[in-house]
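Trainee: Here you go, this is entry_16.cif (mmCIF, C-alpha atoms).
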```
data_start
loop_
_atom_site.label_atom_id
_atom_site.label_comp_id
_atom_site.auth_asym_id
_atom_site.auth_seq_id
_atom_site.Cartn_x
_atom_site.Cartn_y
_atom_site.Cartn_z
CA MET A 1 -11.53 -33.45 40.85
CA THR A 2 -14.77 -34.39 39.10
CA GLU A 3 -15.03 -33.14 35.52
CA ILE A 4 -17.95 -30.77 34.85
CA GLU A 5 -19.88 -31.77 31.74
CA ARG A 6 -23.17 -29.90 32.20
CA VAL A 7 -24.06 -26.44 33.49
CA ILE A 8 -27.55 -25.49 34.65
CA TRP A 9 -27.62 -21.68 34.64
CA VAL A 10 -30.74 -20.02 36.09
CA VAL A 11 -31.33 -16.26 35.84
CA LEU A 12 -33.86 -14.99 38.37
CA ASP A 13 -34.91 -12.03 36.25
CA SER A 14 -34.54 -8.73 38.17
CA VAL A 15 -33.59 -10.23 41.56
CA GLY A 16 -30.94 -7.64 42.43
CA MET A 17 -29.36 -7.15 45.87
CA GLY A 18 -28.59 -3.48 46.38
CA ALA A 19 -27.54 -0.29 44.64
CA MET A 20 -24.25 -0.26 42.77
CA PRO A 21 -21.89 2.69 43.42
CA ASP A 22 -23.06 4.41 40.21
CA ALA A 23 -26.77 3.81 40.84
CA GLY A 24 -27.33 7.53 41.37
CA ARG A 25 -26.56 8.13 37.70
CA PHE A 26 -29.59 5.98 36.93
CA GLY A 27 -31.80 7.51 39.63
CA ASP A 28 -31.59 4.36 41.76
CA GLU A 29 -29.66 5.42 44.88
CA ASP A 30 -31.93 3.64 47.36
CA CYS A 31 -32.75 0.44 45.50
CA ASN A 32 -32.40 -3.06 46.96
CA THR A 33 -34.79 -5.55 45.41
CA ILE A 34 -34.22 -8.50 47.76
CA GLY A 35 -33.67 -6.43 50.90
CA HIS A 36 -36.72 -4.24 50.39
CA VAL A 37 -38.99 -7.15 49.37
CA SER A 38 -37.94 -8.93 52.55
CA LYS A 39 -38.53 -5.85 54.72
CA ALA A 40 -41.95 -5.21 53.16
CA ASN A 41 -43.03 -8.76 53.94
CA GLY A 42 -41.51 -9.24 57.38
CA GLY A 43 -38.78 -11.52 56.03
CA LEU A 44 -38.34 -14.19 53.36
CA ASN A 45 -38.48 -17.97 53.82
CA LEU A 46 -35.73 -19.22 51.49
CA PRO A 47 -34.12 -22.19 53.30
CA ASN A 48 -32.74 -23.85 50.18
CA MET A 49 -31.14 -20.71 48.77
CA ILE A 50 -29.70 -20.00 52.23
CA LYS A 51 -28.23 -23.51 52.29
CA LEU A 52 -26.33 -22.68 49.09
CA GLY A 53 -24.94 -19.49 50.61
CA TYR A 54 -27.34 -16.84 49.29
CA GLY A 55 -27.57 -15.07 52.63
CA ASN A 56 -23.77 -15.12 53.10
CA ILE A 57 -23.09 -12.89 50.08
CA ASP A 58 -21.33 -9.64 50.99
CA GLY A 59 -23.92 -6.86 51.24
CA MET A 60 -26.94 -9.18 51.23
CA THR A 61 -29.78 -8.04 53.50
CA GLY A 62 -33.12 -9.58 54.39
CA ILE A 63 -31.94 -13.20 54.01
CA GLY A 64 -30.80 -15.61 56.73
CA HIS A 65 -27.15 -16.59 57.09
CA SER A 66 -25.81 -20.16 56.92
CA ASP A 67 -22.98 -21.35 59.20
CA ASN A 68 -21.85 -23.92 56.65
CA PRO A 69 -23.16 -23.16 53.12
CA ILE A 70 -22.65 -25.87 50.53
CA GLY A 71 -22.04 -23.54 47.60
CA CYS A 72 -19.70 -20.78 46.44
CA PHE A 73 -21.19 -17.29 46.59
CA GLY A 74 -20.55 -13.66 45.69
CA ARG A 75 -22.04 -10.58 44.10
CA LEU A 76 -21.49 -9.32 40.57
CA SER A 77 -21.15 -5.72 39.44
CA GLU A 78 -22.21 -4.60 35.98
CA ILE A 79 -19.67 -2.75 33.84
CA SER A 80 -21.97 -2.12 30.87
CA ASN A 81 -23.93 1.10 30.47
CA GLY A 82 -27.47 0.07 31.33
CA LYS A 83 -29.79 -1.76 33.68
CA ASP A 84 -32.00 -3.72 31.30
CA THR A 85 -32.49 -7.35 30.34
CA THR A 86 -30.54 -7.22 27.09
CA THR A 87 -27.52 -5.40 28.54
CA GLY A 88 -27.40 -7.70 31.58
CA HIS A 89 -27.70 -10.98 29.68
CA TRP A 90 -25.31 -9.85 26.97
CA GLU A 91 -22.68 -8.93 29.55
CA MET A 92 -23.07 -12.37 31.12
CA VAL A 93 -21.87 -13.98 27.89
CA GLY A 94 -19.02 -11.53 27.35
CA ILE A 95 -20.49 -8.55 25.50
CA HIS A 96 -19.58 -5.14 26.91
CA THR A 97 -22.24 -2.54 26.05
CA THR A 98 -20.48 0.81 26.38
CA GLN A 99 -23.11 2.98 24.69
CA ALA A 100 -26.56 2.84 26.23
CA PHE A 101 -29.45 1.83 24.01
CA PRO A 102 -31.74 4.78 23.11
CA VAL A 103 -34.72 5.55 25.34
CA TYR A 104 -37.80 7.67 24.65
CA PRO A 105 -39.16 9.53 27.70
CA ASP A 106 -41.42 11.60 25.41
CA GLY A 107 -42.53 8.76 23.16
CA PHE A 108 -41.19 7.87 19.71
CA PRO A 109 -40.54 10.50 17.01
CA GLU A 110 -43.39 11.08 14.59
CA ASP A 111 -41.36 9.85 11.62
CA ILE A 112 -40.84 6.46 13.33
CA ILE A 113 -44.56 6.11 14.01
CA GLU A 114 -45.40 7.14 10.44
CA LYS A 115 -43.02 4.53 9.02
CA PHE A 116 -44.45 1.90 11.35
CA CYS A 117 -48.01 2.69 10.29
CA ALA A 118 -47.07 2.67 6.60
CA GLU A 119 -45.23 -0.66 6.84
CA CYS A 120 -48.08 -2.27 8.80
CA GLU A 121 -50.76 -0.62 6.63
CA ILE A 122 -52.64 0.83 9.60
CA GLU A 123 -54.21 4.25 10.13
CA GLY A 124 -52.50 5.08 13.40
CA VAL A 125 -51.52 3.95 16.88
CA LEU A 126 -52.70 4.66 20.40
CA GLY A 127 -50.48 5.77 23.26
CA ASN A 128 -46.92 6.42 22.06
CA LYS A 129 -45.66 7.30 25.53
CA PRO A 130 -43.86 5.75 28.50
CA ALA A 131 -46.27 3.72 30.59
CA SER A 132 -46.84 0.69 32.75
CA GLY A 133 -48.10 -2.12 30.53
CA THR A 134 -50.99 -3.07 32.78
CA VAL A 135 -52.03 0.57 33.24
CA ILE A 136 -51.98 1.48 29.55
CA ILE A 137 -54.14 -1.44 28.45
CA GLU A 138 -56.75 -0.40 31.00
CA GLU A 139 -56.49 3.19 29.80
CA LEU A 140 -56.63 2.46 26.05
CA GLY A 141 -57.91 -1.10 25.76
CA GLU A 142 -61.50 -0.14 25.05
CA GLU A 143 -60.47 2.38 22.36
CA HIS A 144 -58.14 -0.24 20.89
CA GLU A 145 -61.02 -2.72 20.64
CA ARG A 146 -63.20 -0.08 19.01
CA THR A 147 -60.65 1.24 16.51
CA GLY A 148 -58.37 -1.75 15.94
CA LYS A 149 -55.33 0.51 16.39
CA PRO A 150 -52.41 -1.10 18.27
CA ILE A 151 -51.20 0.41 21.54
CA VAL A 152 -47.57 1.52 21.28
CA TYR A 153 -45.65 2.44 24.42
CA THR A 154 -42.19 2.40 25.99
CA SER A 155 -40.61 2.63 29.45
CA ALA A 156 -37.37 3.83 31.01
CA ASP A 157 -35.80 0.88 29.18
CA SER A 158 -34.92 0.79 25.51
CA VAL A 159 -38.11 -0.91 24.31
CA PHE A 160 -40.78 -0.42 21.65
CA GLN A 161 -43.80 -2.30 22.99
CA ILE A 162 -46.93 -3.15 21.03
CA ALA A 163 -49.99 -4.20 23.03
CA ALA A 164 -52.99 -5.74 21.30
CA HIS A 165 -56.06 -7.74 22.27
CA GLU A 166 -55.70 -11.24 20.85
CA GLU A 167 -59.23 -11.09 19.41
CA VAL A 168 -58.56 -7.72 17.73
CA ILE A 169 -55.07 -8.33 16.35
CA PRO A 170 -54.30 -12.07 16.10
CA LEU A 171 -50.95 -13.20 17.47
CA GLU A 172 -49.24 -13.86 14.15
CA ARG A 173 -50.31 -10.43 12.89
CA LEU A 174 -48.97 -8.85 16.10
CA TYR A 175 -45.66 -10.68 15.74
CA GLU A 176 -45.41 -9.55 12.12
CA MET A 177 -45.98 -5.94 13.20
CA CYS A 178 -43.15 -6.38 15.70
CA ARG A 179 -40.85 -7.69 12.98
CA LYS A 180 -41.63 -4.64 10.86
CA ALA A 181 -40.96 -2.33 13.82
CA ARG A 182 -37.67 -4.16 14.46
CA ALA A 183 -36.57 -3.46 10.87
CA ILE A 184 -37.52 0.24 11.15
CA LEU A 185 -35.78 0.79 14.49
CA ASP A 186 -32.19 0.95 13.33
CA GLY A 187 -29.30 3.41 13.39
CA LYS A 188 -29.75 5.98 16.14
CA HIS A 189 -33.15 4.44 16.93
CA LYS A 190 -31.84 0.89 17.41
CA VAL A 191 -33.74 0.02 20.57
CA ALA A 192 -32.70 -3.07 22.49
CA ARG A 193 -36.04 -4.84 22.12
CA VAL A 194 -39.36 -4.71 20.34
CA ILE A 195 -41.89 -6.55 22.51
CA ALA A 196 -45.27 -8.04 21.59
CA ARG A 197 -47.63 -7.58 24.54
CA PRO A 198 -50.86 -9.49 23.80
CA PHE A 199 -53.77 -9.36 26.22
CA VAL A 200 -57.32 -10.68 26.59
CA GLY A 201 -60.46 -9.83 28.56
CA SER A 202 -62.69 -6.78 28.70
CA LYS A 203 -62.68 -3.26 30.16
CA GLY A 204 -61.67 -3.44 33.82
CA LYS A 205 -60.59 -7.07 33.41
CA TYR A 206 -57.83 -6.96 30.82
CA VAL A 207 -55.07 -9.52 31.44
CA ARG A 208 -51.77 -9.87 29.60
CA THR A 209 -51.12 -13.38 28.29
CA SER A 210 -48.03 -15.60 28.19
CA ASN A 211 -47.80 -15.11 24.40
CA ARG A 212 -45.36 -12.25 24.82
CA ARG A 213 -42.47 -12.29 22.35
CA ASP A 214 -39.28 -10.23 22.38
CA PHE A 215 -37.55 -9.17 19.16
CA SER A 216 -34.02 -8.18 20.13
CA ILE A 217 -31.19 -6.82 18.08
CA LYS A 218 -28.57 -9.41 17.17
CA PRO A 219 -25.67 -9.60 19.61
CA ASP A 220 -22.01 -9.55 18.66
CA SER A 221 -21.07 -13.07 17.60
CA ASN A 222 -17.96 -12.92 19.81
CA ASN A 223 -19.76 -14.32 22.83
CA LEU A 224 -19.93 -17.44 24.98
CA LEU A 225 -22.96 -19.01 23.29
CA VAL A 226 -21.40 -18.86 19.83
CA LYS A 227 -18.09 -20.16 21.18
CA LEU A 228 -19.90 -23.12 22.75
CA GLN A 229 -21.68 -23.94 19.51
CA GLU A 230 -18.35 -23.83 17.68
CA LYS A 231 -17.12 -26.44 20.16
CA ASN A 232 -20.27 -28.53 19.52
CA VAL A 233 -21.51 -27.90 23.05
CA PRO A 234 -25.35 -27.86 23.10
CA VAL A 235 -26.94 -24.61 24.33
CA ILE A 236 -30.56 -25.00 25.45
CA GLY A 237 -32.38 -21.67 25.92
CA ILE A 238 -35.41 -21.79 28.25
CA GLY A 239 -37.90 -18.94 28.67
CA LYS A 240 -36.98 -15.74 26.83
CA ILE A 241 -33.30 -16.64 26.35
CA GLU A 242 -33.76 -17.22 22.61
CA ASP A 243 -35.46 -13.82 22.24
CA ILE A 244 -32.77 -11.96 24.22
CA PHE A 245 -30.04 -13.31 21.94
CA CYS A 246 -32.13 -13.23 18.77
CA GLY A 247 -31.47 -16.97 18.41
CA VAL A 248 -27.69 -16.44 18.07
CA GLY A 249 -25.77 -19.34 19.61
CA ILE A 250 -28.89 -21.22 20.70
CA SER A 251 -29.07 -24.90 19.73
CA LYS A 252 -32.60 -25.49 21.03
CA ALA A 253 -35.17 -23.05 22.43
CA ILE A 254 -38.20 -23.68 24.63
CA HIS A 255 -40.50 -20.80 25.53
CA THR A 256 -42.36 -20.93 28.84
CA LYS A 257 -45.58 -19.57 30.35
CA ASP A 258 -44.34 -18.59 33.81
CA ASN A 259 -41.70 -19.32 36.45
CA MET A 260 -43.04 -22.71 37.46
CA ASP A 261 -43.28 -23.78 33.83
CA GLY A 262 -39.67 -22.63 33.47
CA VAL A 263 -38.64 -24.87 36.36
CA ASP A 264 -40.62 -27.78 34.87
CA VAL A 265 -38.91 -27.36 31.49
CA THR A 266 -35.49 -27.07 33.14
CA LEU A 267 -36.08 -30.34 35.00
CA LYS A 268 -37.22 -32.05 31.81
CA CYS A 269 -34.10 -30.86 29.98
CA MET A 270 -31.97 -32.19 32.82
CA GLU A 271 -33.51 -35.60 32.13
CA GLU A 272 -32.93 -35.37 28.39
CA GLU A 273 -29.65 -33.45 27.95
CA GLU A 274 -26.61 -35.16 29.47
CA LYS A 275 -24.06 -32.51 28.48
CA GLY A 276 -23.87 -28.83 27.60
CA LEU A 277 -25.49 -25.63 28.87
CA ILE A 278 -29.10 -25.40 30.06
CA PHE A 279 -29.74 -21.64 30.22
CA THR A 280 -33.01 -20.62 31.92
CA ASN A 281 -34.64 -17.23 32.51
CA LEU A 282 -37.45 -17.01 35.08
CA VAL A 283 -39.17 -13.80 34.04
CA GLU A 284 -42.11 -13.34 36.43
CA PHE A 285 -40.02 -11.70 39.15
CA ASP A 286 -39.55 -8.84 36.69
CA SER A 287 -42.66 -8.82 34.52
CA LYS A 288 -45.34 -9.79 37.04
CA TRP A 289 -44.11 -8.40 40.37
CA GLY A 290 -41.19 -5.98 39.92
CA HIS A 291 -42.69 -3.77 37.23
CA ARG A 292 -46.07 -3.84 38.96
CA ASN A 293 -44.71 -2.74 42.36
CA ASP A 294 -46.06 -5.94 43.90
CA ALA A 295 -43.69 -6.63 46.80
CA ALA A 296 -46.00 -9.27 48.28
CA GLY A 297 -46.20 -11.14 44.97
CA TYR A 298 -42.43 -10.85 44.60
CA ALA A 299 -41.90 -12.47 48.00
CA LYS A 300 -44.28 -15.32 47.20
CA GLY A 301 -42.52 -15.81 43.86
CA LEU A 302 -39.12 -16.07 45.55
CA GLU A 303 -40.45 -18.56 48.09
CA ALA A 304 -42.15 -20.61 45.35
CA TRP A 305 -38.83 -20.78 43.46
CA ASP A 306 -36.98 -21.79 46.64
CA ALA A 307 -39.49 -24.59 47.24
CA ARG A 308 -38.74 -26.03 43.78
CA LEU A 309 -34.95 -25.77 44.12
CA PRO A 310 -34.58 -29.22 45.82
CA GLU A 311 -36.02 -30.82 42.67
CA ILE A 312 -33.17 -29.35 40.64
CA LEU A 313 -30.58 -30.31 43.25
CA SER A 314 -31.87 -33.90 43.37
CA LYS A 315 -31.54 -34.29 39.59
CA MET A 316 -27.97 -33.04 39.50
CA THR A 317 -25.23 -35.56 38.72
CA ASP A 318 -21.66 -35.48 39.99
CA LYS A 319 -20.70 -33.81 36.69
CA ASP A 320 -23.15 -30.88 36.98
CA LEU A 321 -22.65 -27.25 37.98
CA LEU A 322 -25.62 -25.13 39.07
CA ILE A 323 -25.37 -21.35 38.67
CA ILE A 324 -28.05 -19.01 40.05
CA THR A 325 -27.86 -15.27 39.37
CA ALA A 326 -29.85 -12.26 38.06
CA ASP A 327 -29.57 -9.70 35.26
CA HIS A 328 -30.46 -6.41 37.05
CA GLY A 329 -32.81 -5.20 39.77
CA CYS A 330 -36.47 -4.15 39.73
CA ASP A 331 -37.19 -2.99 43.26
CA PRO A 332 -41.00 -3.04 43.63
CA THR A 333 -40.89 -0.75 46.68
CA THR A 334 -39.30 2.26 44.99
CA PRO A 335 -41.18 5.02 43.09
CA GLY A 336 -41.76 4.16 39.46
CA THR A 337 -41.99 0.78 37.79
CA ASP A 338 -38.65 0.49 36.05
CA HIS A 339 -35.50 -1.61 36.42
CA THR A 340 -32.94 -0.63 39.05
CA ARG A 341 -29.13 -0.52 38.81
CA GLU A 342 -28.04 -3.16 41.33
CA TYR A 343 -25.43 -5.74 42.17
CA VAL A 344 -26.71 -9.23 41.40
CA PRO A 345 -26.24 -12.32 43.59
CA LEU A 346 -24.26 -15.34 42.42
CA VAL A 347 -24.28 -18.84 43.86
CA LEU A 348 -22.57 -21.88 42.35
CA TYR A 349 -23.00 -25.47 43.49
CA GLY A 350 -21.79 -28.86 42.32
CA LYS A 351 -19.79 -31.91 43.35
CA GLY A 352 -16.94 -30.70 41.14
CA ILE A 353 -16.39 -27.45 43.07
CA ARG A 354 -15.53 -26.41 46.62
CA GLN A 355 -18.01 -25.50 49.35
CA ASN A 356 -18.36 -22.36 51.45
CA ILE A 357 -16.19 -20.11 49.29
CA ASN A 358 -16.91 -16.38 49.55
CA LEU A 359 -16.02 -14.87 46.17
CA GLY A 360 -16.67 -11.33 47.40
CA THR A 361 -17.54 -8.63 44.87
CA ILE A 362 -16.73 -9.73 41.33
CA GLU A 363 -16.29 -7.28 38.48
CA SER A 364 -18.60 -7.91 35.50
CA PHE A 365 -21.48 -10.29 34.94
CA ALA A 366 -19.21 -11.77 32.25
CA SER A 367 -17.27 -13.57 34.96
CA ILE A 368 -20.02 -16.20 34.80
CA GLY A 369 -19.59 -16.56 31.05
CA GLN A 370 -15.81 -16.73 31.30
CA THR A 371 -16.08 -19.47 33.93
CA VAL A 372 -18.49 -21.49 31.78
CA SER A 373 -16.23 -20.98 28.78
CA ASP A 374 -13.28 -22.39 30.74
CA ILE A 375 -15.34 -25.41 31.82
CA PHE A 376 -16.05 -26.32 28.20
CA GLY A 377 -12.66 -25.25 26.83
CA ALA A 378 -14.21 -22.57 24.64
CA GLY A 379 -11.52 -19.93 25.06
CA LYS A 380 -11.20 -16.39 26.39
CA LEU A 381 -14.08 -13.88 26.36
CA ALA A 382 -13.50 -10.16 25.82
CA ILE A 383 -14.39 -9.39 29.46
CA GLY A 384 -14.87 -11.23 32.73
CA GLU A 385 -12.83 -13.06 35.37
CA ASP A 386 -12.49 -16.84 35.21
CA LEU A 387 -13.73 -18.02 38.63
CA LEU A 388 -12.92 -21.69 38.06
CA PRO A 389 -9.45 -21.55 39.67
CA ARG A 390 -11.06 -20.09 42.81
CA ILE A 391 -13.86 -22.64 43.14
CA ARG A 392 -12.31 -25.85 41.85
#
```
Could I get this file's structure written as structure tokens?
Mentor:
Amino acid sequence: MTEIERVIWVVLDSVGMGAMPDAGRFGDEDCNTIGHVSKANGGLNLPNMIKLGYGNIDGMTGIGHSDNPIGCFGRLSEISNGKDTTTGHWEMVGIHTTQAFPVYPDGFPEDIIEKFCAECEIEGVLGNKPASGTVIIEELGEEHERTGKPIVYTSADSVFQIAAHEEVIPLERLYEMCRKARAILDGKHKVARVIARPFVGSKGKYVRTSNRRDFSIKPDSNNLLVKLQEKNVPVIGIGKIEDIFCGVGISKAIHTKDNMDGVDVTLKCMEEEEKGLIFTNLVEFDSKWGHRNDAAGYAKGLEAWDARLPEILSKMTDKDLLIITADHGCDPTTPGTDHTREYVPLVLYGKGIRQNINLGTIESFASIGQTVSDIFGAGKLAIGEDLLPRIR
């Protein structure tokens, strides 16, 4: 059997495939990101994903079936307590989050805002409430430009978000404010992420830019990425991977502007990096279409990704393994704009593994991480099933 020396791992951010059994606890009983996006658009044209076995996954709806898929396929359940980016990605690499990160449905406590203002030497903030990012900049953007006060907001996720016009608060100043907020938000207020949300334009035409930055808490060092580094296996983080893991276990990081840029960078890394892990997050499914309830945009985004997939397949060597999955759901057809608690699809493809293997429902996203760890001889993770014996 061909030895696997390189793994290309692509996370389609928020592309979930149906409510998990405990989704009701999160208010997500009727969610199904892929199925509902397909239904809202009269179907999805994803021939390359279907070829890998995407439509053959147990419970998958809205996607065509293949009679002879060339990949291995299954769906993953999340065992951690959450439905956000940090929790999902952390579980993938072997970190079990048992206590949910704090959320703020009524905005942040006054003492947190006072500390933030004092540390940043500002006279106050605007907002301080849960909101859609695009809605709140339209609501408060003009006042922000007039007063210079940053817009602070949150969501159903554990996030402290700071929006600012790039001509009012320059990027480096905004990033520094985020670092100060990150230091303040500790203890019982240790949110998963502080996020810089820069925008440009004018009233009625405000647009968020690609200069977003995430400031996450540091993950437990007992995880796949650290284990790989200890084995001198390169870990290349593309997109917001570096931010999600606060740089821990990342050998090289490349930030991207959008999904297509993420694919471009992945392809370039495939040309340059002969061995190791290329770990890519394609964020627009979540940030641009899921959170904005844009089912039509979501469908176009999925089809645009599928159209680029042959480029990745053509660059694969006999010693490569391709993994495609997601970190949670964000059903754009349900009420609200937040993430949804869903199973996530998994497809694996490479010359070193079998074809047309239905892996069924697999417990824990960490089963991906445990499989990758086995490939590189990096040892046992705290959670997750090693799938390699089933696919080799």
Trainee: Exactly which residues make up the result of the PyMOL selection byres ((chain A and resi 289) around 12) on this file, given as an NGL selection string?
Mentor: :A and (13-15 or 33 or 37 or 134 or 259 or 283-288 or 290-302 or 329-333 or 337-339)
Trainee: For the file shown, report as a PDB file with C-alpha atoms, in the frame of the given file the outcome of the PyMOL selection byres ((chain A and resi 342) around 10) at residue level.
Mentor:
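Output contents, as saved in out_7.pdb:
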```pdb
ATOM      1  CA  SER A  14     -34.540  -8.730  38.170  1.00  0.00           C
ATOM      2  CA  VAL A  15     -33.590 -10.230  41.560  1.00  0.00           C
ATOM      3  CA  GLY A  16     -30.940  -7.640  42.430  1.00  0.00           C
ATOM      4  CA  MET A  17     -29.360  -7.150  45.870  1.00  0.00           C
ATOM      5  CA  GLY A  18     -28.590  -3.480  46.380  1.00  0.00           C
ATOM      6  CA  ALA A  19     -27.540  -0.290  44.640  1.00  0.00           C
ATOM      7  CA  MET A  20     -24.250  -0.260  42.770  1.00  0.00           C
ATOM      8  CA  PRO A  21     -21.890   2.690  43.420  1.00  0.00           C
ATOM      9  CA  ASP A  22     -23.060   4.410  40.210  1.00  0.00           C
ATOM     10  CA  ALA A  23     -26.770   3.810  40.840  1.00  0.00           C
ATOM     11  CA  ASP A  28     -31.590   4.360  41.760  1.00  0.00           C
ATOM     12  CA  GLU A  29     -29.660   5.420  44.880  1.00  0.00           C
ATOM     13  CA  ASP A  30     -31.930   3.640  47.360  1.00  0.00           C
ATOM     14  CA  CYS A  31     -32.750   0.440  45.500  1.00  0.00           C
ATOM     15  CA  ASN A  32     -32.400  -3.060  46.960  1.00  0.00           C
ATOM     16  CA  THR A  33     -34.790  -5.550  45.410  1.00  0.00           C
ATOM     17  CA  ARG A  75     -22.040 -10.580  44.100  1.00  0.00           C
ATOM     18  CA  LEU A  76     -21.490  -9.320  40.570  1.00  0.00           C
ATOM     19  CA  SER A  77     -21.150  -5.720  39.440  1.00  0.00           C
ATOM     20  CA  GLU A  78     -22.210  -4.600  35.980  1.00  0.00           C
ATOM     21  CA  LYS A  83     -29.790  -1.760  33.680  1.00  0.00           C
ATOM     22  CA  ALA A 326     -29.850 -12.260  38.060  1.00  0.00           C
ATOM     23  CA  ASP A 327     -29.570  -9.700  35.260  1.00  0.00           C
ATOM     24  CA  HIS A 328     -30.460  -6.410  37.050  1.00  0.00           C
ATOM     25  CA  GLY A 329     -32.810  -5.200  39.770  1.00  0.00           C
ATOM     26  CA  CYS A 330     -36.470  -4.150  39.730  1.00  0.00           C
ATOM     27  CA  ASP A 331     -37.190  -2.990  43.260  1.00  0.00           C
ATOM     28  CA  HIS A 339     -35.500  -1.610  36.420  1.00  0.00           C
ATOM     29  CA  THR A 340     -32.940  -0.630  39.050  1.00  0.00           C
ATOM     30  CA  ARG A 341     -29.130  -0.520  38.810  1.00  0.00           C
ATOM     31  CA  TYR A 343     -25.430  -5.740  42.170  1.00  0.00           C
ATOM     32  CA  VAL A 344     -26.710  -9.230  41.400  1.00  0.00           C
ATOM     33  CA  PRO A 345     -26.240 -12.320  43.590  1.00  0.00           C
TER      34      PRO A 345
END
```
Trainee: Which is closer to A:Thr209 than all the others in A:Ala164, A:Val235, A:Ile50, A:Ala192, using only C-alpha atoms?
Mentor: A:Ala164
Trainee: Pick the closest to A:Phe160 from A:Leu348, A:Val103, A:Leu140, A:Cys120: which is it, counting all atoms listed in the file?
Mentor: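 That would be A:Val103, the residue with the smallest distance to A:Phe160.
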Trainee: Can you list, as a PyMOL selection string, every protein, DNA or RNA residue that comes within 10 Å of A:Ser373 when you count all atoms listed in the file, leaving out same-chain residues fewer than 3 positions away?
Mentor: chain A and resi 93-94+223-225+227-228+367-370+376-381+386+388
Trainee: Go through A:Glu142, A:Glu172, A:Asn358, A:Thr86 and flag the residue nearest A:Lys218, using all atoms listed in the file for the distances.
Mentor: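 Under the stated criterion, the closest residue is A:Thr86.
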Trainee: Output, as AutoDock Vina command-line options, the centre and edge lengths in Å (one decimal) of the axis-aligned box that contains all listed atoms of stretch 34-39 of chain A with 5 Å of margin on each side.
Mentor:
```
--center_x -36.3 --center_y -6.6 --center_z 51.2 --size_x 15.3 --size_y 14.7 --size_z 17.0
```
Trainee: Which one is closest to A:Lys205: A:Val372, A:Ile137, A:Ile184, A:Ile362? Count only C-alpha atoms.
Mentor: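 Of all the options, A:Ile137 lies closest to A:Lys205.
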Trainee: Between atom CA of A:Thr317 and atom CA of A:Leu44, what is the distance in Å, rounded to a tenth?
Mentor: 29.0 Å
Trainee: Quick one: of A:Phe101, A:Trp90, A:Tyr206, A:Phe73, who's nearest to A:Ile136, counting all atoms listed in the file?
Mentor: A:Tyr206
Trainee: By how many Å are atom CA of A:Gly237 and atom CA of A:Lys188 apart?
Mentor: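 Rounded to one decimal, the two atoms are 29.4 Å apart.
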Trainee: Take atom CA of A:Tyr349 and atom CA of A:Ile323 and report the distance between them in Å, one decimal.
Mentor: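 These two atoms are separated by 6.8 Å.
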Trainee: Taking all atoms listed in the file into account, name the residue in A:Ile217, A:Ile162, A:Leu321, A:Cys117 that is nearest to A:Ala183.
Mentor: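 Among A:Ile217, A:Ile162, A:Leu321, A:Cys117, it is A:Ile217 that comes nearest to A:Ala183.
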Trainee: When you look at A:Ile353 with a cut-off of 12 Å (counting all atoms listed in the file), what residues show up, excluding the ones that are within fewer than 4 positions of it in the same chain? I need them as a ChimeraX atom specification.
Mentor: /A:1-4,70-73,318-323,347-349,357,375,387-392
Trainee: Could you produce a table of the residues of stretch 276-386 of chain A lying within 8 Å of stretch 263-269 of chain A, with the nearest pair of atoms per residue and their separation in Å rounded to one decimal, using only C-alpha atoms, ordered by chain and increasing residue number, as a tab-separated table?
Mentor:
```
residue	atom	partner	partner_atom	distance
A:Ile278	CA	A:Thr266	CA	7.3
A:Thr280	CA	A:Thr266	CA	7.0
A:Arg308	CA	A:Val263	CA	7.5
A:Glu311	CA	A:Leu267	CA	7.7
A:Ile312	CA	A:Leu267	CA	6.4
A:Lys315	CA	A:Leu267	CA	7.6
```
